[in-house]
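*Asks:* Right, I'll just put the structure down here and ask away after.
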Amino acid sequence: MTKKNESSGPKVTRTASSVLRDGSASKTAKSLAGSALAQVRMTKPSTATTARTAAKALNDGRTSASTKTLAGSVLTQRPGKRK
């Protein structure tokens, strides 16, 4: 498994912050926002559960743009498998 030295950038942190403050945001969006904010200063990889949630959010046609931004950030921070 490769190590990724990625962390959430300023655009993602602003999006995550606004999602967490939005009372009408979905549970999935808030979960991804929390994960993205947890990775702001640390290079802690995303968990498998969070990565699955992010993948489902990206594949769902009803997902908002902000949730897709957060999902992409979370998946970027997930270590990949070498082939």
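Starting from 1 in every chain, residues are counted up; chains themselves are A, B, ... following the order of the structure tokens, and ligands are numbered from 1 as listed.
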For range 47-60 of chain A, list every protein, DNA or RNA residue within 10 Å, evaluated using only C-alpha atoms, and leave out those in the same chain fewer than 2 positions away; present the list as a list in words.
*Replies:*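 Near range 47-60 of chain A, the qualifying residues are Thr28, Ala29, Ser31, Leu32, Ser35, Lys44, Pro45, Arg62, Thr63, Ser64, Ala65, Thr67, Lys68, Thr69, Leu70, Ala71, Gly72, Ser73, Val74, Leu75, Thr76, Gln77, Arg78 and Pro79 of chain A.
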*Asks:* Could you pull out the residues in range 8-81 of chain A that DSSP calls helix (DSSP H, G or I) from the backbone, as a PyMOL selection string?
*Replies:* chain A and resi 10-21+27-38+48-59+65-76
*Asks:* Mind pulling up the distance from CA of Lys27 in chain A to CA of Met42 in chain A?
*Replies:*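 Straight-line distance from CA of Met42 in chain A to CA of Lys27 in chain A works out to 23.6 Å.
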